[in-house]
Amino acid sequence: MEHPYLLLTSLFGMIGLEGFAAKYPHVVYMWLAMIILIFFGWLAGKSIAMVPKTAQNVFEVLISGLEEFMVTVTGDEGRKSYPLVLTIFLFVLLGNLMGLVPAFFPPTANINTTLGLALIAVLWSHVIGVQQHGFKYIKHFLGPVPAMIPLFLPIEIIGHSARVLSLTFRLFGNMAGHELVVGILLGLGGMFLAPLPVMALGAFVALVQAFVFFLLSTMYIAGAIEESH
């Protein structure tokens with residue numbers, strides 16, 4: 001949906017780029033999300049202390065908890081994929097939450113953003129599979145016996161392609177739907193009171209969708225790591 005006013009579009013207009021920002025709001029807000037994550041990553045790394053303060057404790061519990069969850073699913077071999085999957089999780093979460101800020105656009109409400117994230121997650125799972133098994137990774141696509149290869153190969157190719165579509169449309173549909181509902185309520189019920197329940201639900205949906213993306217990416221990596229049947 002088209003927003004009546006976006007903050008970054010106005011700011012880009014000051015340097016003559018309002019047309020670009022208005023046409024591609026998901027791009028400029030994706031840049032903003034990246035800048036925010038880079039800044040807080042730098043700040044967190046700079047502020048690490050032997051005796052952690054409250055903020056460090058919270059982030060250590062969150063990051064270590066997600067890591068242990070991923071290792072539980074993938075085994076220890078999946079630990080090296082954790083930085084990438086965590087980065088995607090944090091980007092998706094922040095991008096989702098941007099939709100709750102007035103005059104902001106959630107980059108995850110655009111299908112181009114979610115498609116890019118889905119391609120990264122799924123392609124990385126295949127990279128890990130090749131690293132883990134070498135050429136034998138192709139056995140994941142061939143079925144249990146050679147006679148079944150003509151049947152299993154196209155099914156597996158379609159199934160793995162569907163993973164990209166699943167990740168893409170699940171995240172895009174939920175976030176675009178939330179934007180649409182809030183926009184309709186703003187038009188019908190007023191600026192403040194009408195969308196508040198939906199925005200509260202949107203915060204929950206933002207967290208759930210980020211975790212679902214994290215979970216599915218983890219499961220795809222786990223499937224690539226395990227031995228073929």
# chains A, B, ... in the order shown; residues from 1 in each chain; ligands from 1

$ select_by_dssp --residues "segment 44-221 of chain A" --states "alpha helix (DSSP H)" --output "count of residues only"
130

$ residues_around --residues "Gly19 of chain A" --least-positions-apart "4" --cutoff "12 Å" --atoms "only C-alpha atoms" --output "NGL selection string"
:A and (8-15 or 23-25 or 28)

$ residues_around --residues "Ala33 of chain A" --least-positions-apart "4" --cutoff "12 Å" --atoms "only C-alpha atoms" --output "list of chain:residue names"
A:His26, A:Val27, A:Val28, A:Tyr29, A:Leu37, A:Ile38, A:Phe39, A:Phe40, A:Thr87, A:Ile88, A:Leu90, A:Phe91, A:Val92, A:Leu93, A:Leu94, A:Gly95, A:Asn96, A:Leu97, A:Met98, A:Gly99, A:Phe104, A:Phe105, A:Pro106, A:Pro107, A:Thr108

$ atom_distance --atom1 "atom CA of Ser125 of chain A" --atom2 "atom CA of Asn112 of chain A"
20.2 Å

$ closest_residue --among "A:Leu165, A:Ile138, A:Ala21, A:Val212" --to "Leu115 of chain A" --atoms "only C-alpha atoms"
A:Leu165

$ closest_atom_pairs --of "segment 107-198 of chain A" --to "segment 218-226 of chain A" --cutoff "8 Å" --atoms "only C-alpha atoms" --output "JSON lines"
{"residue": "A:Val122", "atom": "CA", "partner": "A:Tyr220", "partner_atom": "CA", "distance": 7.1}
{"residue": "A:Trp124", "atom": "CA", "partner": "A:Ile221", "partner_atom": "CA", "distance": 7.8}
{"residue": "A:Ser125", "atom": "CA", "partner": "A:Ile221", "partner_atom": "CA", "distance": 4.6}
{"residue": "A:His126", "atom": "CA", "partner": "A:Ala224", "partner_atom": "CA", "distance": 6.5}
{"residue": "A:Ile128", "atom": "CA", "partner": "A:Ala224", "partner_atom": "CA", "distance": 6.7}
{"residue": "A:Gly129", "atom": "CA", "partner": "A:Ala224", "partner_atom": "CA", "distance": 4.5}
{"residue": "A:Gln132", "atom": "CA", "partner": "A:Ile225", "partner_atom": "CA", "distance": 6.2}
{"residue": "A:His133", "atom": "CA", "partner": "A:Ile225", "partner_atom": "CA", "distance": 7.8}
{"residue": "A:Tyr137", "atom": "CA", "partner": "A:Ala224", "partner_atom": "CA", "distance": 7.9}
{"residue": "A:His140", "atom": "CA", "partner": "A:Ala224", "partner_atom": "CA", "distance": 7.9}

$ atom_distance --atom1 "atom CA of Gly143 of chain A" --atom2 "atom CA of Glu156 of chain A"
8.8 Å

$ closest_residue --among "A:Gly173, A:Ala118, A:Leu201, A:Ala147" --to "Leu216 of chain A" --atoms "only C-alpha atoms"
A:Ala118

$ closest_residue --among "A:Gln131, A:Asn174, A:Ser166, A:Thr114" --to "Gly202 of chain A" --atoms "only C-alpha atoms"
A:Asn174

$ residues_around --residues "Met199 of chain A" --least-positions-apart "4" --cutoff "10 Å" --atoms "only C-alpha atoms" --output "ChimeraX atom specification"
/A:97,99-101,178-179,181-182,194-195,203-205

$ residues_around --residues "Ile63 of chain A" --least-positions-apart "5" --cutoff "9 Å" --atoms "only C-alpha atoms" --output "list in words"
Val58, Glu68 and Leu86 of chain A
